[in-house]
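Shown next, in structure tokens, is the structure this report addresses.
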Amino acid sequence: MDIIQGTTILIDKPLHWTSFQAVNKIKWAVIKKYRLKKFKIGHAGTLDPLATGLLILCTGKNTKQIPFLQETSKVYTGVMTLGATTPSFDMETSIDAHYPVEHITEELVAEVCAQFTGELIQEPPLFSAIKKDGKRLYEWARKGKETEIPLRKILIHSLKLEFNEKKQISFEVCCSKGTYIRSLTNDIGKALHSGAYLSELRRTQIGDFRVEDALSPEEFVQLYIENENFSTI
């Protein structure tokens, strides 16, 4: 398939990369290789820099598929660290409070897990890219200003929680568009009468697309752009 005319690319986003950086890695490699003035490319759902995993990129005429891909369900795996919270609900910011964990058992985790499936009303993190009054919420947060965060309706199709001796919870969740796993983590910590923040996150699936079929940005550039191996795209 012609990468310039239109194709769908599965990228395994590395840790600390932004989604924008992953898109630009492919974009500028194509522009340089084929001496283009412009190249149409976009992604179907961002990932935070501290998350890894599946990022779907669409080029050319395939960018028309992006709205449909964004509507599909997502699957994530990761780790919640118990006994503390952070303002961003993950490791982007420092711990701001500590909570007891001695009372948490596998039985309590199982009880709480059952409360977080189905349709839920979720409050997104203040440190997020949602716009409020013309600014991203994280812009308000970094200035130390309080602002009302709009609630959103989400759907948790399935949730698996596994409590371990390190006072952490490993999880796998299948959820709808618009779900913030950081907020889910924070809410689960509250339900456990403790606190929790997201310490590891990986997106493994978007609709029918799986991360096992994805390549890192560098691998994709080397295989499909520098070597022009388009026969298997």
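The way I read the labels, and the way they are meant: chains A, B, ... in the order of the structure tokens, residue 1 as the first residue of every chain, and ligand 1 as the first ligand shown, with later ones counted on from there.
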_Long-range neighbours of A:Glu71 as a VMD selection string, 9 Å cut-off, only C-alpha atoms, 4 positions minimum in chain_ = chain A and resid 66 to 67 176 to 178 207
Output file for the selection above: N, CA, C and O atoms, as a PDB file, in the first residue's frame:
```pdb
ATOM      1  N   ILE A  66      -9.885   8.126  11.032  1.00  0.00           N
ATOM      2  CA  ILE A  66      -9.522   8.470  12.404  1.00  0.00           C
ATOM      3  C   ILE A  66     -10.738   8.635  13.324  1.00  0.00           C
ATOM      4  O   ILE A  66     -10.760   8.072  14.428  1.00  0.00           O
ATOM      5  N   PRO A  67     -11.790   9.386  12.932  1.00  0.00           N
ATOM      6  CA  PRO A  67     -12.953   9.528  13.827  1.00  0.00           C
ATOM      7  C   PRO A  67     -13.604   8.195  14.195  1.00  0.00           C
ATOM      8  O   PRO A  67     -14.073   8.021  15.316  1.00  0.00           O
ATOM      9  N   SER A 176     -14.381   2.366  27.185  1.00  0.00           N
ATOM     10  CA  SER A 176     -14.860   3.186  26.083  1.00  0.00           C
ATOM     11  C   SER A 176     -13.937   4.360  25.825  1.00  0.00           C
ATOM     12  O   SER A 176     -13.039   4.673  26.614  1.00  0.00           O
ATOM     13  N   LYS A 177     -14.187   5.029  24.710  1.00  0.00           N
ATOM     14  CA  LYS A 177     -13.513   6.287  24.396  1.00  0.00           C
ATOM     15  C   LYS A 177     -13.715   7.273  25.542  1.00  0.00           C
ATOM     16  O   LYS A 177     -14.772   7.318  26.163  1.00  0.00           O
ATOM     17  N   GLY A 178     -12.681   8.067  25.833  1.00  0.00           N
ATOM     18  CA  GLY A 178     -12.814   9.116  26.833  1.00  0.00           C
ATOM     19  C   GLY A 178     -12.528   8.697  28.254  1.00  0.00           C
ATOM     20  O   GLY A 178     -12.591   9.528  29.166  1.00  0.00           O
ATOM     21  N   GLY A 207      -9.900  -1.258  19.314  1.00  0.00           N
ATOM     22  CA  GLY A 207     -10.779  -2.006  18.423  1.00  0.00           C
ATOM     23  C   GLY A 207     -10.202  -3.388  18.169  1.00  0.00           C
ATOM     24  O   GLY A 207      -9.905  -4.132  19.107  1.00  0.00           O
TER      25      GLY A 207
END
```
Q. Which neighbours of A:Ile154 fall inside 9 Å, counting only C-alpha atoms, when residues of the same chain fewer than 2 positions from it are skipped, and could you give them as number ranges by chain?
A. A: 118-122, 152, 156, 175-179
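For the set A:Ala97, A:Leu57, A:Ala29, A:Ala22, the residue with the smallest atom-to-atom gap to A:Gly6 is A:Leu57, counting only C-alpha atoms.
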Next on the checklist: Give me the residues near A:Ser199 as a ChimeraX atom specification, where near means some atom within 8 Å (using only C-alpha atoms) and where sequence neighbours in that chain fewer than 3 positions away do not count.
Outcome noted: /A:78-81,90-91
Would you mind exporting the chosen residues as a PDB file, in the first residue's frame, restricted to C-alpha atoms?
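Writing done, so here's again_21.pdb:
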```pdb
ATOM      1  CA  GLY A  78      -0.765  -1.453  34.036  1.00  0.00           C
ATOM      2  CA  VAL A  79       0.031  -1.044  37.716  1.00  0.00           C
ATOM      3  CA  MET A  80      -1.606   1.025  40.458  1.00  0.00           C
ATOM      4  CA  THR A  81       0.579   1.865  43.464  1.00  0.00           C
ATOM      5  CA  ASP A  90       0.268   9.338  37.985  1.00  0.00           C
ATOM      6  CA  MET A  91       4.057   9.774  38.299  1.00  0.00           C
TER       7      MET A  91
END
```
### Spatial neighbours of A:Trp28, max dist 12 Å, only C-alpha atoms, sep filter under 4 positions, as an MDAnalysis selection string
chainID A and resid 20:24 32:41 217 221 225:226
Next item on the list: Determine which residues of stretch 7-207 of chain A DSSP labels as alpha helix (DSSP H) from the backbone of this structure, then write them out as a PyMOL selection string.
Entry: chain A and resi 19-34+66-70+106-115+137-142+181-191
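With only C-alpha atoms as the atoms that count, the minimum distance from A:Ala191 to the choices A:Leu10, A:Ile95, A:Val112, A:Leu15 is reached by A:Val112.
You will find atom CA of A:Ser216 at 4.9 Å from atom CA of A:Asp12.
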Query - Shell around A:Phe163 at 6 Å using only C-alpha atoms, local window under 5 positions removed, as a PyMOL selection string - result: chain A and resi 106+168-169
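The smallest atom-to-atom distance between A:Pro87 and any of A:Asn62, A:Gln222, A:Gln115, A:Asn186, using only C-alpha atoms, is found for A:Asn186.
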Using only C-alpha atoms, the shortest atom-to-atom distance to A:Asn164 among A:Thr46, A:Thr18, A:Thr52, A:Thr105 belongs to A:Thr105
Show which residues sit within 10 Å of A:Glu172, as a PDB file with N, CA and C atoms, in the first residue's frame. Count only C-alpha atoms, and ignore same-chain residues fewer than 5 positions away.
```
ATOM      1  N   VAL A  75      -8.084  -1.318  25.234  1.00  0.00           N
ATOM      2  CA  VAL A  75      -7.648  -2.225  26.303  1.00  0.00           C
ATOM      3  C   VAL A  75      -6.298  -1.735  26.833  1.00  0.00           C
ATOM      4  N   TYR A  76      -6.218  -1.638  28.152  1.00  0.00           N
ATOM      5  CA  TYR A  76      -4.994  -1.192  28.809  1.00  0.00           C
ATOM      6  C   TYR A  76      -4.578  -2.199  29.878  1.00  0.00           C
ATOM      7  N   THR A  77      -3.280  -2.312  30.101  1.00  0.00           N
ATOM      8  CA  THR A  77      -2.750  -3.025  31.257  1.00  0.00           C
ATOM      9  C   THR A  77      -1.862  -2.048  32.016  1.00  0.00           C
ATOM     10  N   GLY A  78      -1.620  -2.355  33.275  1.00  0.00           N
ATOM     11  CA  GLY A  78      -0.765  -1.453  34.036  1.00  0.00           C
ATOM     12  C   GLY A  78      -0.689  -1.805  35.498  1.00  0.00           C
ATOM     13  N   VAL A  79      -0.170  -0.851  36.277  1.00  0.00           N
ATOM     14  CA  VAL A  79       0.031  -1.044  37.716  1.00  0.00           C
ATOM     15  C   VAL A  79      -0.440   0.189  38.460  1.00  0.00           C
ATOM     16  N   SER A 158     -14.875  -4.385  30.896  1.00  0.00           N
ATOM     17  CA  SER A 158     -14.351  -5.429  31.783  1.00  0.00           C
ATOM     18  C   SER A 158     -13.173  -4.855  32.571  1.00  0.00           C
ATOM     19  N   LEU A 159     -12.978  -5.393  33.770  1.00  0.00           N
ATOM     20  CA  LEU A 159     -11.892  -4.938  34.638  1.00  0.00           C
ATOM     21  C   LEU A 159     -11.375  -6.109  35.457  1.00  0.00           C
ATOM     22  N   LYS A 160     -10.061  -6.323  35.414  1.00  0.00           N
ATOM     23  CA  LYS A 160      -9.412  -7.342  36.224  1.00  0.00           C
ATOM     24  C   LYS A 160      -8.382  -6.665  37.125  1.00  0.00           C
ATOM     25  N   LEU A 161      -8.450  -6.931  38.414  1.00  0.00           N
ATOM     26  CA  LEU A 161      -7.504  -6.381  39.383  1.00  0.00           C
ATOM     27  C   LEU A 161      -6.805  -7.507  40.111  1.00  0.00           C
ATOM     28  N   GLU A 162      -5.486  -7.410  40.254  1.00  0.00           N
ATOM     29  CA  GLU A 162      -4.706  -8.438  40.958  1.00  0.00           C
ATOM     30  C   GLU A 162      -3.818  -7.757  41.993  1.00  0.00           C
ATOM     31  N   LEU A 201       1.470   2.137  32.681  1.00  0.00           N
ATOM     32  CA  LEU A 201       0.314   2.015  31.788  1.00  0.00           C
ATOM     33  C   LEU A 201       0.774   1.634  30.389  1.00  0.00           C
ATOM     34  N   ARG A 202       0.072   0.673  29.812  1.00  0.00           N
ATOM     35  CA  ARG A 202       0.355   0.229  28.447  1.00  0.00           C
ATOM     36  C   ARG A 202      -0.963  -0.026  27.715  1.00  0.00           C
ATOM     37  N   ARG A 203      -1.123   0.573  26.534  1.00  0.00           N
ATOM     38  CA  ARG A 203      -2.322   0.301  25.724  1.00  0.00           C
ATOM     39  C   ARG A 203      -2.021  -0.877  24.803  1.00  0.00           C
ATOM     40  N   THR A 204      -2.821  -1.912  24.915  1.00  0.00           N
ATOM     41  CA  THR A 204      -2.558  -3.141  24.173  1.00  0.00           C
ATOM     42  C   THR A 204      -3.489  -3.358  22.998  1.00  0.00           C
TER      43      THR A 204
END
```
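Atom CA of A:Leu215 sits 9.7 Å away from atom CA of A:Gly53.
Our summary of the geometry notes that atom CA of A:Ser170 is positioned 13.1 Å from atom CA of A:Gly189.
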